[in-house]
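Source file final-v4.cif; content: mmCIF, C-alpha atoms.
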```
data_upload
#
loop_
_atom_site.label_atom_id
_atom_site.label_comp_id
_atom_site.auth_asym_id
_atom_site.auth_seq_id
_atom_site.Cartn_x
_atom_site.Cartn_y
_atom_site.Cartn_z
CA MET A 1 14.30 -45.52 8.61
CA PHE A 2 17.07 -42.95 8.14
CA ARG A 3 16.17 -41.21 11.40
CA ASN A 4 16.21 -44.52 13.27
CA VAL A 5 19.66 -45.31 11.90
CA LEU A 6 21.05 -41.95 12.98
CA ARG A 7 19.46 -42.17 16.42
CA SER A 8 21.05 -45.59 16.88
CA VAL A 9 24.49 -44.79 15.50
CA ILE A 10 25.22 -41.26 16.71
CA PRO A 11 24.88 -41.89 20.48
CA ASN A 12 26.76 -45.20 20.27
CA ALA A 13 29.68 -44.30 18.01
CA PRO A 14 32.00 -42.04 20.03
CA ASN A 15 34.57 -41.86 17.20
CA LEU A 16 32.03 -40.75 14.61
CA ARG A 17 33.09 -37.37 13.24
CA HIS A 18 31.29 -36.93 9.93
CA ILE A 19 28.19 -38.21 8.09
CA CYS A 20 27.82 -38.22 4.29
CA LEU A 21 24.32 -38.24 2.82
CA GLN A 22 24.10 -39.21 -0.85
CA THR A 23 20.93 -38.13 -2.63
CA GLY A 24 20.88 -37.19 -6.32
CA GLY A 25 19.95 -34.93 -9.17
CA LYS A 26 16.20 -35.19 -8.54
CA HIS A 27 16.88 -32.54 -5.89
CA TYR A 28 16.70 -30.02 -8.74
CA VAL A 29 14.01 -31.48 -11.01
CA GLY A 30 11.70 -33.36 -8.64
CA PRO A 31 10.44 -36.95 -8.79
CA PHE A 32 10.49 -38.65 -12.18
CA GLU A 33 6.72 -38.45 -12.51
CA CYS A 34 6.85 -34.66 -12.07
CA ILE A 35 9.64 -33.86 -14.54
CA GLY A 36 8.32 -31.47 -17.17
CA LYS A 37 5.07 -30.98 -15.28
CA ILE A 38 6.20 -28.55 -12.57
CA PRO A 39 8.15 -25.28 -12.72
CA SER A 40 11.86 -26.00 -12.41
CA HIS A 41 15.09 -24.05 -12.14
CA ASP A 42 17.11 -22.94 -15.14
CA PRO A 43 20.36 -24.92 -15.52
CA PRO A 44 23.13 -25.08 -14.57
CA PHE A 45 21.96 -26.23 -11.16
CA THR A 46 23.92 -24.93 -8.17
CA GLU A 47 23.78 -26.27 -4.64
CA ASP A 48 22.20 -23.11 -3.19
CA LEU A 49 19.04 -23.24 -5.32
CA PRO A 50 15.83 -23.33 -3.26
CA ARG A 51 13.88 -26.53 -2.99
CA LEU A 52 11.08 -27.18 -5.44
CA ASN A 53 7.51 -26.92 -4.23
CA VAL A 54 6.90 -30.65 -4.51
CA PRO A 55 7.18 -33.56 -2.04
CA LEU A 56 10.55 -35.30 -2.39
CA PHE A 57 12.12 -37.70 0.07
CA TYR A 58 15.56 -36.17 -0.55
CA TYR A 59 14.35 -33.05 1.23
CA ASN A 60 13.06 -35.12 4.15
CA GLN A 61 16.40 -36.92 4.42
CA GLU A 62 18.29 -33.63 4.53
CA ASP A 63 16.03 -32.26 7.27
CA ILE A 64 16.45 -35.42 9.32
CA LEU A 65 20.23 -35.19 8.91
CA PHE A 66 20.30 -31.57 10.07
CA GLU A 67 18.13 -32.31 13.10
CA GLU A 68 20.05 -35.36 14.30
CA VAL A 69 23.57 -34.04 13.67
CA ASP A 70 22.71 -30.85 15.53
CA LYS A 71 22.19 -32.87 18.70
CA ARG A 72 25.88 -33.72 18.99
CA ARG A 73 28.56 -31.07 19.20
CA GLY A 74 31.43 -31.42 16.73
CA LEU A 75 29.66 -33.83 14.40
CA THR A 76 29.71 -32.58 10.82
CA TRP A 77 27.89 -33.54 7.64
CA SER A 78 28.05 -33.28 3.88
CA ILE A 79 25.43 -33.89 1.19
CA HIS A 80 26.35 -35.26 -2.23
CA ARG A 81 24.08 -34.96 -5.26
CA PRO A 82 25.42 -37.09 -8.11
CA SER A 83 23.74 -37.09 -11.48
CA GLY A 84 23.23 -40.43 -13.25
CA ILE A 85 25.86 -42.81 -11.88
CA PHE A 86 27.97 -45.05 -14.10
CA GLY A 87 28.84 -48.20 -12.19
CA PHE A 88 28.53 -51.95 -11.65
CA SER A 89 25.06 -52.55 -10.29
CA PRO A 90 23.58 -55.40 -12.34
CA TYR A 91 20.27 -55.70 -10.51
CA SER A 92 19.64 -52.04 -9.77
CA LEU A 93 16.40 -50.58 -11.07
CA MET A 94 18.28 -47.42 -12.08
CA ASN A 95 21.39 -48.72 -13.84
CA ILE A 96 21.60 -46.79 -17.11
CA ILE A 97 24.70 -48.62 -18.40
CA GLY A 98 23.17 -52.02 -17.80
CA ILE A 99 19.96 -50.99 -19.54
CA LEU A 100 21.79 -49.68 -22.60
CA CYS A 101 23.90 -52.85 -22.72
CA VAL A 102 20.74 -54.95 -22.77
CA TYR A 103 19.37 -52.77 -25.56
CA ALA A 104 22.57 -53.19 -27.60
CA ALA A 105 22.62 -56.95 -27.02
CA ILE A 106 19.02 -57.29 -28.17
CA CYS A 107 19.71 -55.16 -31.25
CA LYS A 108 22.53 -57.53 -32.12
CA HIS A 109 20.41 -60.62 -31.55
CA GLU A 110 31.40 -46.13 -7.34
CA GLU A 111 33.93 -44.38 -8.10
CA LEU A 112 33.98 -40.53 -8.33
CA VAL A 113 31.14 -40.16 -5.80
CA ALA A 114 33.07 -42.17 -3.21
CA GLU A 115 36.18 -40.08 -3.84
CA GLN A 116 34.24 -36.89 -3.21
CA GLU A 117 32.62 -38.27 -0.06
CA ILE A 118 36.00 -39.29 1.41
CA TRP A 119 37.34 -35.82 0.62
CA ALA A 120 34.34 -34.16 2.29
CA ALA A 121 34.79 -36.27 5.41
CA VAL A 122 38.36 -35.05 6.01
CA ALA A 123 38.59 -31.61 4.39
CA PRO A 124 37.86 -28.90 7.00
CA ASN A 125 36.34 -26.48 4.50
CA ALA A 126 33.94 -29.13 3.18
CA ARG A 127 32.11 -29.59 6.46
CA ASN A 128 28.36 -28.99 6.59
CA GLU A 129 28.02 -28.37 2.86
CA ALA A 130 26.10 -29.86 -0.06
CA PHE A 131 27.96 -30.72 -3.26
CA ASN A 132 26.93 -31.69 -6.76
CA CYS A 133 28.86 -34.58 -8.28
CA THR A 134 29.34 -35.21 -12.00
CA ASN A 135 32.25 -36.48 -14.07
CA GLY A 136 33.21 -32.88 -14.78
CA ASP A 137 33.26 -33.13 -18.55
CA VAL A 138 30.46 -32.28 -20.96
CA PHE A 139 28.87 -34.89 -23.21
CA LYS A 140 25.64 -35.71 -24.97
CA TRP A 141 24.22 -39.21 -24.90
CA LYS A 142 24.31 -39.35 -28.70
CA HIS A 143 28.12 -39.10 -28.47
CA LEU A 144 28.16 -42.44 -26.63
CA TRP A 145 25.97 -44.40 -29.06
CA LYS A 146 28.95 -45.18 -31.29
CA VAL A 147 30.90 -46.34 -28.23
CA LEU A 148 28.02 -48.60 -27.24
CA ALA A 149 27.83 -50.07 -30.74
CA GLU A 150 31.57 -50.72 -30.84
CA GLN A 151 31.50 -52.52 -27.49
CA PHE A 152 28.86 -54.93 -28.82
CA GLU A 153 30.23 -55.11 -32.38
CA ILE A 154 27.07 -53.95 -34.08
CA GLU A 155 26.56 -51.42 -36.84
CA ASN A 156 22.87 -50.61 -36.96
CA TYR A 157 22.06 -50.11 -33.30
CA GLY A 158 18.89 -48.06 -33.71
CA PHE A 159 19.98 -44.78 -32.10
CA GLY A 160 19.99 -41.82 -34.43
CA GLU A 161 20.08 -38.08 -33.97
CA GLU A 162 16.50 -38.24 -32.77
CA MET A 163 17.47 -40.17 -29.63
CA GLY A 164 16.96 -38.09 -26.53
CA CYS A 165 13.70 -36.60 -27.74
CA GLU A 166 10.14 -37.59 -26.96
CA ARG A 167 9.64 -39.42 -30.25
CA MET A 168 11.57 -42.55 -29.25
CA ARG A 169 10.75 -44.56 -26.14
CA LEU A 170 12.71 -47.66 -25.20
CA GLU A 171 9.75 -48.80 -23.12
CA GLU A 172 7.78 -49.12 -26.37
CA VAL A 173 10.60 -50.37 -28.59
CA MET A 174 11.57 -53.15 -26.18
CA LYS A 175 8.08 -54.52 -25.54
CA GLY A 176 7.86 -58.29 -25.93
CA LYS A 177 11.63 -58.88 -25.97
CA GLU A 178 11.68 -61.18 -22.93
CA SER A 179 12.17 -64.32 -25.00
CA VAL A 180 14.96 -62.66 -26.99
CA TRP A 181 16.82 -61.90 -23.76
CA GLU A 182 16.32 -65.49 -22.57
CA GLU A 183 17.93 -66.71 -25.79
CA ILE A 184 20.84 -64.27 -25.39
CA VAL A 185 21.42 -65.47 -21.83
CA ARG A 186 21.34 -69.11 -22.91
CA GLU A 187 23.56 -68.74 -25.99
CA ASN A 188 26.20 -66.70 -24.16
CA GLN A 189 26.05 -68.69 -20.90
CA LEU A 190 25.31 -65.58 -18.88
CA GLN A 191 24.13 -65.50 -15.31
CA PRO A 192 20.43 -66.38 -15.36
CA THR A 193 18.39 -63.18 -15.34
CA LYS A 194 15.04 -62.04 -16.59
CA LEU A 195 14.75 -58.95 -18.76
CA ASN A 196 12.90 -56.94 -16.11
CA GLU A 197 15.70 -57.68 -13.63
CA VAL A 198 18.42 -56.04 -15.72
CA ALA A 199 16.58 -53.35 -17.68
CA VAL A 200 13.99 -50.82 -16.55
CA TRP A 201 13.18 -49.08 -19.80
CA SER A 202 11.05 -46.34 -18.26
CA TYR A 203 14.02 -45.18 -16.18
CA ALA A 204 16.25 -45.06 -19.25
CA ASP A 205 13.62 -43.02 -21.09
CA VAL A 206 13.63 -40.41 -18.31
CA VAL A 207 17.42 -40.17 -18.28
CA LEU A 208 17.81 -40.00 -22.05
CA ASN A 209 14.93 -37.62 -22.68
CA ILE A 210 15.68 -35.04 -20.00
CA GLY A 211 17.96 -33.34 -22.54
CA ALA A 212 19.56 -29.93 -22.10
CA GLY A 213 17.22 -29.07 -19.24
CA TYR A 214 19.50 -30.89 -16.79
CA PHE A 215 22.97 -29.52 -16.24
CA VAL A 216 24.63 -29.17 -12.85
CA SER A 217 27.51 -26.96 -11.80
CA MET A 218 30.67 -28.36 -10.19
CA ASN A 219 32.05 -24.91 -9.35
CA LYS A 220 31.36 -25.19 -5.63
CA SER A 221 33.30 -28.45 -5.32
CA LYS A 222 36.26 -26.94 -7.17
CA GLU A 223 36.19 -23.80 -5.05
CA HIS A 224 36.29 -25.93 -1.91
CA GLY A 225 39.26 -27.94 -3.18
CA PHE A 226 37.80 -31.06 -4.81
CA LEU A 227 39.21 -31.40 -8.33
CA GLY A 228 38.33 -35.02 -9.08
CA PHE A 229 36.92 -35.82 -12.50
CA ARG A 230 36.33 -38.72 -14.89
CA ASN A 231 36.33 -39.04 -18.66
CA SER A 232 32.73 -40.09 -19.37
CA LYS A 233 33.61 -42.10 -22.48
CA ASN A 234 36.32 -44.08 -20.69
CA SER A 235 34.08 -44.58 -17.67
CA PHE A 236 31.28 -45.83 -19.92
CA ILE A 237 33.59 -48.44 -21.45
CA THR A 238 35.01 -49.49 -18.07
CA TRP A 239 31.62 -50.32 -16.61
CA ILE A 240 30.41 -52.08 -19.75
CA ASN A 241 33.47 -54.32 -19.52
CA ARG A 242 32.81 -54.96 -15.83
CA LEU A 243 29.28 -56.13 -16.62
CA LYS A 244 30.66 -58.40 -19.33
CA SER A 245 33.37 -59.86 -17.11
CA HIS A 246 30.75 -60.85 -14.53
CA ARG A 247 28.68 -62.51 -17.27
CA ILE A 248 25.76 -60.15 -16.79
CA MET A 249 26.06 -58.91 -20.38
CA PRO A 250 27.29 -60.76 -23.52
#
```
Serialized structure, structure tokens:
Amino acid sequence: MFRNVLRSVIPNAPNLRHICLQTGGKHYVGPFECIGKIPSHDPPFTEDLPRLNVPLFYYNQEDILFEEVDKRRGLTWSIHRPSGIFGFSPYSLMNIIGILCVYAAICKHEELVAEQEIWAAVAPNARNEAFNCTNGDVFKWKHLWKVLAEQFEIENYGFGEEMGCERMRLEEVMKGKESVWEEIVRENQLQPTKLNEVAVWSYADVVLNIGAGYFVSMNKSKEHGFLGFRNSKNSFITWINRLKSHRIMP
């Protein structure tokens, strides 16, 4: 599909100068089902690390990009590898903020990436390079549990110091909560959604349990002139409020 798009666009867009490919952090750890089962790099992850010896469609996309861009003189590219993205994506299967909001609600009863991609499209020294993309600060998920509880006005929200380890799995804890979510939607007059449409617990378990083994470096971006950053706590609150304002979350 990606190759077909490029083969259609590149010959027919004479003003096209640059193509951004956005992949993600699985570039360094492999597919979710392989995490912890295959040899991986030691963090922090830098853009020049070799590919893992495992099939991953990110690698295929990069190779397709290189091949197709090389056919047209003067056309440049950049690759962006964000870690988990905070944002407004209510029906995405990989929306960590939405999933945690659902969890908090049940317990009670684009942003930086785009900025980096625009910079890479116009900055001469960013051409034909791959860049990691994170908020730029350092945080642990357990530091955001209190923030999550405050946003939903709950005290005992079920996350303790053990969260982020293998002993707690949201996929297990949240089994059979479909009717609870239906009641929350009805009582708060939210947009009609089913629990499996707004929360994929297995994805949250992967993100929260990956722990200290996942840490990417932003040095290359800074060295090339991109100094954008976000405060993770403030960003977390912003996107929770966006979900609430659109009546996705109570």
Practice task
May I have the residues within 7 Å of A:Gly25 as a PyMOL selection string, using all atoms listed in the file and disregarding those fewer than 4 positions away in the same chain?
Solution key: chain A and resi 81-83
Exercise for the section: Run the PyMOL selection byres ((chain A and resi 171-174) around 9) on the file and write out the hits as a ChimeraX atom specification. Expected result: /A:103,106,168-170,175-178,200-205
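With only C-alpha atoms as the basis for measurement, A:Val113 is the residue among A:Ile210, A:Ile118, A:Val113, A:Ile248 that approaches A:Arg230 most closely.
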Handout entry: Near-A:Ile10 list (9 Å; all atoms listed in the file; drop same-chain fewer than 3 positions) as a PyMOL selection string
Key = chain A and resi 5-7+13-14+16+68-69+72+75
Handout entry: Sphere at (22.4, -28.5, -18.2), radius 12 Å, counting all atoms listed in the file: residues as a list in words
Key =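 Applying the cut-off with all atoms listed in the file, one gets Gly25, Tyr28, Val29, His41, Asp42, Pro43, Pro44, Phe45, Thr46, Ser83, Thr134, Asp137, Val138, Phe139, Lys140, Ile210, Gly211, Ala212, Gly213, Tyr214, Phe215, Val216, Ser217 and Met218 of chain A.
Distance annotation: of A:Asn209, A:Asn241, A:Gln116, A:Asn15, the residue with the minimal separation from A:Asn135 is A:Gln116; atom set is only C-alpha atoms.
Going from atom CA of A:Val198 to atom CA of A:Thr23 covers 22.3 Å.
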Problem - Shell of 9 Å around A:Trp119, all atoms listed in the file, local chain residues under 5 positions omitted, as a list in words - result: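 That gives Ala114, Ala126, Gly225 and Phe226 of chain A.
Pairwise distance (atom CA of A:Phe2, atom CA of A:Val206) equals 26.8 Å.
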Problem - atom CA of A:Arg186 to atom CA of A:Cys101, straight-line distance in Å - result: 16.5 Å
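Distance annotation: of A:Gln22, A:Asn128, A:Gln61, A:Thr238, the residue with the minimal separation from A:Gln151 is A:Thr238; atom set is all atoms listed in the file.
You can rank A:Val147, A:Cys20, A:Val54, A:Ile237 by their closest distance to A:Ile35 using only C-alpha atoms, and at the top of that list sits A:Val54.
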Handout entry: Which of A:Pro55, A:Pro11, A:Gly98, A:Gly74 sits closest to A:Phe32 [using all atoms listed in the file]
Key =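 Checking each candidate against A:Phe32, we get A:Pro55 as the closest.
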